[in-house]
Amino acid sequence: MAAKVRAGTGLFFFLSLWCGLGLFSGCLSAAQAEKRLVPLKSSGQFRLDDIAGYVSENPARAIHLAGIHRRIYGTDGEDPLAAPRLKSLEEAAVRNLIESQARAVREKRWDDAASLARSLGALEIAVENTGMEPDFLLADAKDKLSGGNYLEAFLAALRTHELRPLEFEDALFFLEQAVRVSQRRAAAFFFTAAEARGGAVPEELRRYAQGRDTAADMIKGVATVLVDRGYRIEKGRGLPDWVLGSAFFVDSSGLLITNYHVISSEVDPAYEGYSRLYIRLGGAASPRIPARVIGWDKAMDLALIKAEITPEYVFSLVDRTIPSVGEAIYAIGSPVGLEKTVTAGIVSALGRRLLQIGDVIQIDAAVNHGNSGGPVVDVEGRLVGIVFAGIEQYQGLNFAVPAERLAAALPGMLRGGKAERPWLGLTIAETAQGAEIIYVAPFTPAAEHHITEGTWLTTLNGAEVRASQGGLIPALQDLLFPNRPGELVAVETSDGIRRVIMTEPRPEIPLARAARVDSRERLAAPLFGLILAPTAGNIFTPAYTIKRVVRGSIADEAGLSEQDSVSIRGFKVEEKEGYVLLDIYVKRRRLGYLEASMRLPAALDSPDTL
């Protein structure tokens with residue numbers, strides 16, 4: 001019996017092998033035979049099917065994927081029918097974008113209509129029958145005014161004017177509204193816009209707009225922020241844990257601006273303790289008024305909070321100014337809890353790169369704990385910035401977020417919750433030739449579109465990439481960040497390729513994911529400014545030659561230079577703390593190939609990302 005089983009098993013194996021080799025046609029059923037006649041889809045066809053799935057539900061994503069398909073497979077790909085089908089899918093996606101915009105106009109969703117206009121603009125499509133972005137922003141501003149929402153209305157009017165100067169009638173209309181709600185600096189802005197159009201402004205409006213608010217007036221619009229975090233234990237004793245800051249009113253509904261780091265315990269999911277937010281309008285004996293966080297922008301250290309109170313004074317975000325170095329300024333706030341304190345100083349420097357996005361203003365006005373979140377104004381009463389930091393051990397080294405960047409960030413915070421900004425996945429270095437792309441982070445829109453490292457970014461949404469020395473990267477960020485994540489942007493590089501890319505939400509720590517998945521030698525470029533070329537080494541300690549050192553980078557400050565020999569001995573990522581440590585062994589060419597071991601630290605929240 002056992003022998004029969006073995007023989008049967010052997011016959012079964014032989015027949016199975018025969019069928020597997022396709023030598024015995026009787027092994028196939030009729031269904032299997034029919035299935036074998038259906039040709040397998042090429043990878044290009046699979047991607048076209050993916051694109052087709054997005055054409056209706058997310059046409060911007062479909063257009064983004066179509067661009068990737070063209071980059072990977074060329075015009076025809078593996079299938080001669082691919083090109084006409086790809087073109088058909090793109091045309092359908094564009095039609096759906098246009099229809100979505102028309103629907104948003106019919107439903108008076110002006111923000112959405114403006115967003116879709118920007119995406120269509122990236123495709124170089126002008127939709128004359130529905131209007132362009134300034135038309136939607138102006139309509140949105142007037143709708144917001146009818147609902148009594150002056151802050152958002154004036155911001156929308158400001159953005160309209162930046163894109164296309166307001167007509168006299170519109171500027172006069174907003175001037176009248178600014179006077180109505182006693183916002184003198186907003187009135188001054190719209191008065192200037194109206195005068196530029198050559199119309200006659202009524203004398204009473206002119207007098208108000210040309211007046212000036214006093215420091216005593218502005219102090220009424222500044223509040224002390226108090227965050228009660230319960231008790232902390234120090235040396236066995238329980239001590240009250242309070243965070244102190246400043247804030248200023250930007251709307252008569254009780255909206256205030258402060259710093260994110262002042263109110264972070266209210267919204268940070270990593271914080272697990274007790275936290276209650278209050279503001280106070282007078283001295284220590286004044287009542288604490290409960291407040292809540294509306295929105296925040298951690299990358300800019302800004303937060304929008306609200307208290308149920310009608311302020312006596314409101315700061316304008318419309319008539320803000322970019323100051324000059326040496327210009328006199330005043331900081332208003334509550335240093336160490338001393339409310340209604342005004343300190344004077346000058347603008348010490350511009351263009352300091354201390355935050356993820358943009359640059360900041362250096363001031364020498366006295367700033368202490370409690371000033372964070374307070375306004376900085378010029379002698380005309382125009383908002384210049386928001387205090388956010390000072391260096392304790394050095395007097396007169398204090399910093400403010402520019403008011404222009406607050407105005408750009410505020411619409412995102414007004415939507416509620418964490419403000420989202422768009423992200424491409426690029427790290428940029430400013431060079432003599434322009435904005436060089438030194439790193440493309442994996443699994444990002446830029447990586448999907450095969451943007452090449454070592455090329456230069458020449459235009460962004462049709463705007464040429466130009467700025468004064470040291471200001472190129474902030475200028476690029478200013479071009480990109482007014483857009484919403486999910487919009488299409490047009491990127492042109494020095495290799496002559498124009499790509500239309502759909503942005504995604506910017507990560508809280510831009511290079512954290514890359515640090516987890518990419519190689520150490522590639523990460524040396526965005527984190528440390530080291531562009532490496534592999535040389536002979538061993539499997540355990542690969543060796544590199546420094547191809548280039550980015551000027552002003554960590555590697556540059558450490559004294560490394562081109563043609564130095566380097567081997568990487570350690571690479572430690574502390575994502576929770578937000579930094580990376582790189583251990584290298586280097587032979588310095590300029591010092592006769594003197595050998596040295598070095599440890600270089602770098603922050604993961606690089607300010608050079610886009």
# chains A, B, ... in the order shown; residues from 1 in each chain; ligands from 1

call {"tool": "select_by_dssp", "arguments": {"residues": "segment 394-427 of chain A", "states": "helix (DSSP H, G or I)", "output": "PyMOL selection string"}}
result
chain A and resi 403-414

call {"tool": "write_last_selection", "arguments": {"atoms": "C-alpha atoms", "output": "CSV table (one decimal), in the first residue's frame"}}
result
chain,number,residue,atom,x,y,z
A,403,ALA,CA,3.9,91.9,10.2
A,404,GLU,CA,3.7,91.1,6.5
A,405,ARG,CA,4.1,87.4,7.3
A,406,LEU,CA,1.5,87.6,10.0
A,407,ALA,CA,-0.9,89.0,7.3
A,408,ALA,CA,-0.1,86.1,5.0
A,409,ALA,CA,-0.4,83.5,7.8
A,410,LEU,CA,-3.6,84.8,9.3
A,411,PRO,CA,-6.1,83.4,6.7
A,412,GLY,CA,-4.9,79.8,7.5
A,413,MET,CA,-5.3,80.4,11.2
A,414,LEU,CA,-8.7,81.8,10.7

call {"tool": "closest_atom_pairs", "arguments": {"of": "segment 313-339 of chain A", "to": "segment 178-193 of chain A", "cutoff": "8 Å", "atoms": "only C-alpha atoms", "output": "JSON lines"}}
result
{"residue": "A:Val314", "atom": "CA", "partner": "A:Gln183", "partner_atom": "CA", "distance": 6.6}
{"residue": "A:Phe315", "atom": "CA", "partner": "A:Gln183", "partner_atom": "CA", "distance": 7.3}
{"residue": "A:Ser316", "atom": "CA", "partner": "A:Ala186", "partner_atom": "CA", "distance": 5.6}
{"residue": "A:Leu317", "atom": "CA", "partner": "A:Ala186", "partner_atom": "CA", "distance": 7.5}
{"residue": "A:Val318", "atom": "CA", "partner": "A:Ala186", "partner_atom": "CA", "distance": 5.6}
{"residue": "A:Asp319", "atom": "CA", "partner": "A:Phe189", "partner_atom": "CA", "distance": 5.2}

call {"tool": "write_last_selection", "arguments": {"atoms": "all heavy atoms", "output": "PDB file, in the first residue's frame"}}
result
ATOM      1  N   VAL A 314      -8.116  98.381  18.110  1.00  0.00           N
ATOM      2  CA  VAL A 314      -7.807  97.238  17.245  1.00  0.00           C
ATOM      3  C   VAL A 314      -6.639  97.604  16.342  1.00  0.00           C
ATOM      4  O   VAL A 314      -6.659  98.654  15.693  1.00  0.00           O
ATOM      5  CB  VAL A 314      -9.043  96.838  16.406  1.00  0.00           C
ATOM      6  CG1 VAL A 314      -8.669  95.802  15.357  1.00  0.00           C
ATOM      7  CG2 VAL A 314     -10.153  96.308  17.308  1.00  0.00           C
ATOM      8  N   PHE A 315      -5.633  96.758  16.308  1.00  0.00           N
ATOM      9  CA  PHE A 315      -4.485  96.965  15.407  1.00  0.00           C
ATOM     10  C   PHE A 315      -4.851  96.511  14.000  1.00  0.00           C
ATOM     11  O   PHE A 315      -5.524  95.488  13.819  1.00  0.00           O
ATOM     12  CB  PHE A 315      -3.275  96.161  15.897  1.00  0.00           C
ATOM     13  CG  PHE A 315      -2.596  96.761  17.091  1.00  0.00           C
ATOM     14  CD1 PHE A 315      -3.101  96.535  18.366  1.00  0.00           C
ATOM     15  CD2 PHE A 315      -1.477  97.551  16.945  1.00  0.00           C
ATOM     16  CE1 PHE A 315      -2.485  97.080  19.480  1.00  0.00           C
ATOM     17  CE2 PHE A 315      -0.849  98.100  18.049  1.00  0.00           C
ATOM     18  CZ  PHE A 315      -1.355  97.870  19.324  1.00  0.00           C
ATOM     19  N   SER A 316      -4.372  97.256  13.027  1.00  0.00           N
ATOM     20  CA  SER A 316      -4.639  96.924  11.630  1.00  0.00           C
ATOM     21  C   SER A 316      -3.515  96.069  11.056  1.00  0.00           C
ATOM     22  O   SER A 316      -2.330  96.355  11.271  1.00  0.00           O
ATOM     23  CB  SER A 316      -4.779  98.196  10.793  1.00  0.00           C
ATOM     24  OG  SER A 316      -4.807  97.864   9.414  1.00  0.00           O
ATOM     25  N   LEU A 317      -3.890  95.013  10.320  1.00  0.00           N
ATOM     26  CA  LEU A 317      -2.916  94.183   9.612  1.00  0.00           C
ATOM     27  C   LEU A 317      -2.826  94.581   8.142  1.00  0.00           C
ATOM     28  O   LEU A 317      -2.118  93.938   7.368  1.00  0.00           O
ATOM     29  CB  LEU A 317      -3.311  92.709   9.719  1.00  0.00           C
ATOM     30  CG  LEU A 317      -3.374  92.145  11.133  1.00  0.00           C
ATOM     31  CD1 LEU A 317      -3.733  90.667  11.116  1.00  0.00           C
ATOM     32  CD2 LEU A 317      -2.052  92.345  11.855  1.00  0.00           C
ATOM     33  N   VAL A 318      -3.574  95.594   7.754  1.00  0.00           N
ATOM     34  CA  VAL A 318      -3.579  96.026   6.363  1.00  0.00           C
ATOM     35  C   VAL A 318      -2.453  97.018   6.119  1.00  0.00           C
ATOM     36  O   VAL A 318      -1.596  96.819   5.257  1.00  0.00           O
ATOM     37  CB  VAL A 318      -4.952  96.632   5.991  1.00  0.00           C
ATOM     38  CG1 VAL A 318      -4.918  97.179   4.567  1.00  0.00           C
ATOM     39  CG2 VAL A 318      -6.045  95.586   6.130  1.00  0.00           C
ATOM     40  N   ASP A 319      -2.424  98.084   6.887  1.00  0.00           N
ATOM     41  CA  ASP A 319      -1.398  99.109   6.705  1.00  0.00           C
ATOM     42  C   ASP A 319      -0.185  98.774   7.563  1.00  0.00           C
ATOM     43  O   ASP A 319       0.227  99.517   8.439  1.00  0.00           O
ATOM     44  CB  ASP A 319      -1.946 100.481   7.087  1.00  0.00           C
ATOM     45  CG  ASP A 319      -1.000 101.608   6.695  1.00  0.00           C
ATOM     46  OD1 ASP A 319      -0.324 101.462   5.664  1.00  0.00           O
ATOM     47  OD2 ASP A 319      -0.932 102.602   7.427  1.00  0.00           O
TER      48      ASP A 319
END

call {"tool": "residues_around", "arguments": {"residues": "segment 557-563 of chain A", "least_positions_apart": "2", "cutoff": "6 Å", "atoms": "only C-alpha atoms", "output": "list in words"}}
result
Thr545, Ile546, Lys547, Arg548, Ile554 and Ala555 of chain A

call {"tool": "closest_residue", "arguments": {"among": "A:Tyr313, A:Tyr260, A:Tyr278, A:Tyr73", "to": "Thr214 of chain A", "atoms": "only C-alpha atoms"}}
result
A:Tyr313

call {"tool": "residues_around", "arguments": {"residues": "segment 297-303 of chain A", "least_positions_apart": "6", "cutoff": "6 Å", "atoms": "only C-alpha atoms", "output": "number ranges by chain"}}
result
A: 257-260, 356, 419

call {"tool": "residues_around", "arguments": {"residues": "Arg292 of chain A", "least_positions_apart": "6", "cutoff": "8 Å", "atoms": "only C-alpha atoms", "output": "compact mmCIF listing (two decimals) with C-alpha atoms, in the first residue's frame"}}
result
# COMPACT_ATOMS: atom_id res chain seq x y z
CA LEU A 277 -5.89 80.10 28.91
CA TYR A 278 -6.81 83.61 30.10
CA ILE A 305 -6.89 83.37 20.24
CA LYS A 306 -10.32 84.73 21.15
CA ALA A 307 -11.89 86.25 24.24

call {"tool": "residues_around", "arguments": {"residues": "Leu145 of chain A", "least_positions_apart": "6", "cutoff": "12 Å", "atoms": "only C-alpha atoms", "output": "PyMOL selection string"}}
result
chain A and resi 138-139+151-157+173-174+176-178+180-181

call {"tool": "closest_residue", "arguments": {"among": "A:Glu167, A:Glu90, A:Pro84, A:Glu339", "to": "Tyr54 of chain A", "atoms": "only C-alpha atoms"}}
result
A:Glu90

call {"tool": "select_by_dssp", "arguments": {"residues": "segment 295-368 of chain A", "states": "strand (DSSP E or B)", "output": "VMD selection string"}}
result
chain A and resid 295 to 297 302 to 307 328 to 333 341 to 352 360 to 363

call {"tool": "atom_distance", "arguments": {"atom1": "atom CA of Asp135 of chain A", "atom2": "atom CA of Ala171 of chain A"}}
result
14.2 Å

call {"tool": "decode", "arguments": {"residues": "segment 268-393 of chain A", "atoms": "C-alpha atoms", "output": "mmCIF file, in the first residue's frame"}}
result
data_model
loop_
_atom_site.group_PDB
_atom_site.id
_atom_site.type_symbol
_atom_site.label_atom_id
_atom_site.label_comp_id
_atom_site.auth_asym_id
_atom_site.auth_seq_id
_atom_site.Cartn_x
_atom_site.Cartn_y
_atom_site.Cartn_z
ATOM 1 C CA ASP A 268 0.091 70.365 21.641
ATOM 2 C CA PRO A 269 -1.013 66.688 21.660
ATOM 3 C CA ALA A 270 2.280 65.735 23.346
ATOM 4 C CA TYR A 271 1.389 67.875 26.387
ATOM 5 C CA GLU A 272 -0.593 65.841 28.912
ATOM 6 C CA GLY A 273 -0.962 68.213 31.841
ATOM 7 C CA TYR A 274 -3.512 70.773 32.955
ATOM 8 C CA SER A 275 -3.815 73.964 30.891
ATOM 9 C CA ARG A 276 -6.220 76.912 31.007
ATOM 10 C CA LEU A 277 -5.893 80.104 28.907
ATOM 11 C CA TYR A 278 -6.807 83.615 30.103
ATOM 12 C CA ILE A 279 -6.145 87.206 29.138
ATOM 13 C CA ARG A 280 -6.014 90.261 31.388
ATOM 14 C CA LEU A 281 -6.560 93.837 30.244
ATOM 15 C CA GLY A 282 -5.369 95.774 33.280
ATOM 16 C CA GLY A 283 -3.040 95.305 36.242
ATOM 17 C CA ALA A 284 -2.680 92.327 38.542
ATOM 18 C CA ALA A 285 -5.960 93.207 40.251
ATOM 19 C CA SER A 286 -7.892 93.082 36.950
ATOM 20 C CA PRO A 287 -10.113 90.066 36.297
ATOM 21 C CA ARG A 288 -8.834 87.157 34.217
ATOM 22 C CA ILE A 289 -10.968 86.667 31.121
ATOM 23 C CA PRO A 290 -11.186 83.092 29.736
ATOM 24 C CA ALA A 291 -9.896 82.740 26.170
ATOM 25 C CA ARG A 292 -9.574 79.926 23.641
ATOM 26 C CA VAL A 293 -7.234 79.120 20.774
ATOM 27 C CA ILE A 294 -8.748 79.513 17.296
ATOM 28 C CA GLY A 295 -5.771 78.579 15.109
ATOM 29 C CA TRP A 296 -2.002 78.398 15.148
ATOM 30 C CA ASP A 297 1.020 78.368 12.869
ATOM 31 C CA LYS A 298 3.865 76.669 14.697
ATOM 32 C CA ALA A 299 6.382 77.241 11.887
ATOM 33 C CA MET A 300 5.936 81.011 12.320
ATOM 34 C CA ASP A 301 5.431 80.872 16.129
ATOM 35 C CA LEU A 302 2.033 82.551 15.769
ATOM 36 C CA ALA A 303 -1.362 81.843 17.305
ATOM 37 C CA LEU A 304 -4.844 83.340 17.040
ATOM 38 C CA ILE A 305 -6.895 83.373 20.245
ATOM 39 C CA LYS A 306 -10.322 84.733 21.149
ATOM 40 C CA ALA A 307 -11.888 86.251 24.237
ATOM 41 C CA GLU A 308 -15.516 87.292 24.563
ATOM 42 C CA ILE A 309 -14.822 90.999 24.908
ATOM 43 C CA THR A 310 -15.044 94.128 22.764
ATOM 44 C CA PRO A 311 -11.653 95.885 22.753
ATOM 45 C CA GLU A 312 -11.138 99.629 22.945
ATOM 46 C CA TYR A 313 -8.480 99.548 20.205
ATOM 47 C CA VAL A 314 -7.807 97.238 17.245
ATOM 48 C CA PHE A 315 -4.485 96.965 15.407
ATOM 49 C CA SER A 316 -4.639 96.924 11.630
ATOM 50 C CA LEU A 317 -2.916 94.183 9.612
ATOM 51 C CA VAL A 318 -3.579 96.026 6.363
ATOM 52 C CA ASP A 319 -1.398 99.109 6.705
ATOM 53 C CA ARG A 320 1.631 97.212 7.979
ATOM 54 C CA THR A 321 5.124 98.137 6.895
ATOM 55 C CA ILE A 322 8.542 96.669 6.166
ATOM 56 C CA PRO A 323 10.894 98.841 8.239
ATOM 57 C CA SER A 324 14.389 99.980 7.352
ATOM 58 C CA VAL A 325 17.497 99.267 9.390
ATOM 59 C CA GLY A 326 17.989 102.063 11.906
ATOM 60 C CA GLU A 327 14.309 103.013 11.951
ATOM 61 C CA ALA A 328 12.784 103.808 15.346
ATOM 62 C CA ILE A 329 10.273 101.295 16.717
ATOM 63 C CA TYR A 330 8.292 100.642 19.918
ATOM 64 C CA ALA A 331 7.515 97.301 21.587
ATOM 65 C CA ILE A 332 4.352 97.059 23.701
ATOM 66 C CA GLY A 333 3.667 94.227 26.127
ATOM 67 C CA SER A 334 3.830 92.837 29.644
ATOM 68 C CA PRO A 335 7.483 92.071 30.510
ATOM 69 C CA VAL A 336 7.586 89.920 33.680
ATOM 70 C CA GLY A 337 3.891 90.747 34.107
ATOM 71 C CA LEU A 338 4.264 94.541 34.117
ATOM 72 C CA GLU A 339 1.280 95.414 31.933
ATOM 73 C CA LYS A 340 1.118 98.303 29.478
ATOM 74 C CA THR A 341 4.892 98.637 29.146
ATOM 75 C CA VAL A 342 6.267 100.477 26.101
ATOM 76 C CA THR A 343 9.973 100.213 25.246
ATOM 77 C CA ALA A 344 11.751 102.082 22.459
ATOM 78 C CA GLY A 345 14.556 101.032 20.139
ATOM 79 C CA ILE A 346 15.569 100.697 16.539
ATOM 80 C CA VAL A 347 15.541 98.018 13.864
ATOM 81 C CA SER A 348 19.006 96.491 14.233
ATOM 82 C CA ALA A 349 18.887 94.168 11.209
ATOM 83 C CA LEU A 350 16.581 92.490 8.720
ATOM 84 C CA GLY A 351 16.663 89.038 7.161
ATOM 85 C CA ARG A 352 17.634 86.927 10.184
ATOM 86 C CA ARG A 353 16.818 83.233 9.479
ATOM 87 C CA LEU A 354 15.585 81.957 12.855
ATOM 88 C CA LEU A 355 12.274 80.321 11.910
ATOM 89 C CA GLN A 356 11.280 77.574 9.464
ATOM 90 C CA ILE A 357 9.629 80.068 7.145
ATOM 91 C CA GLY A 358 10.814 83.447 5.962
ATOM 92 C CA ASP A 359 13.094 85.731 7.935
ATOM 93 C CA VAL A 360 12.680 87.876 11.034
ATOM 94 C CA ILE A 361 13.498 91.388 12.263
ATOM 95 C CA GLN A 362 16.197 92.035 14.837
ATOM 96 C CA ILE A 363 15.400 94.869 17.253
ATOM 97 C CA ASP A 364 17.183 96.385 20.225
ATOM 98 C CA ALA A 365 14.092 97.527 22.162
ATOM 99 C CA ALA A 366 14.123 96.026 25.662
ATOM 100 C CA VAL A 367 12.250 92.713 25.625
ATOM 101 C CA ASN A 368 11.837 90.281 28.534
ATOM 102 C CA HIS A 369 9.757 87.277 29.571
ATOM 103 C CA GLY A 370 6.148 88.308 29.049
ATOM 104 C CA ASN A 371 6.781 90.419 25.941
ATOM 105 C CA SER A 372 6.316 87.399 23.648
ATOM 106 C CA GLY A 373 3.343 87.981 21.350
ATOM 107 C CA GLY A 374 3.258 91.749 21.808
ATOM 108 C CA PRO A 375 3.164 94.215 18.883
ATOM 109 C CA VAL A 376 6.087 96.203 17.488
ATOM 110 C CA VAL A 377 5.041 99.484 15.813
ATOM 111 C CA ASP A 378 6.804 102.336 14.036
ATOM 112 C CA VAL A 379 6.509 106.050 14.797
ATOM 113 C CA GLU A 380 3.427 106.291 12.535
ATOM 114 C CA GLY A 381 1.637 103.579 14.526
ATOM 115 C CA ARG A 382 1.925 101.006 11.736
ATOM 116 C CA LEU A 383 2.407 97.399 12.802
ATOM 117 C CA VAL A 384 5.980 96.269 12.114
ATOM 118 C CA GLY A 385 6.127 92.864 13.790
ATOM 119 C CA ILE A 386 5.320 90.548 16.682
ATOM 120 C CA VAL A 387 7.879 89.928 19.416
ATOM 121 C CA PHE A 388 8.791 86.239 19.653
ATOM 122 C CA ALA A 389 12.298 85.834 21.065
ATOM 123 C CA GLY A 390 15.241 87.399 22.825
ATOM 124 C CA ILE A 391 18.678 86.154 23.852
ATOM 125 C CA GLU A 392 18.800 86.441 27.631
ATOM 126 C CA GLN A 393 22.551 86.620 28.118
#
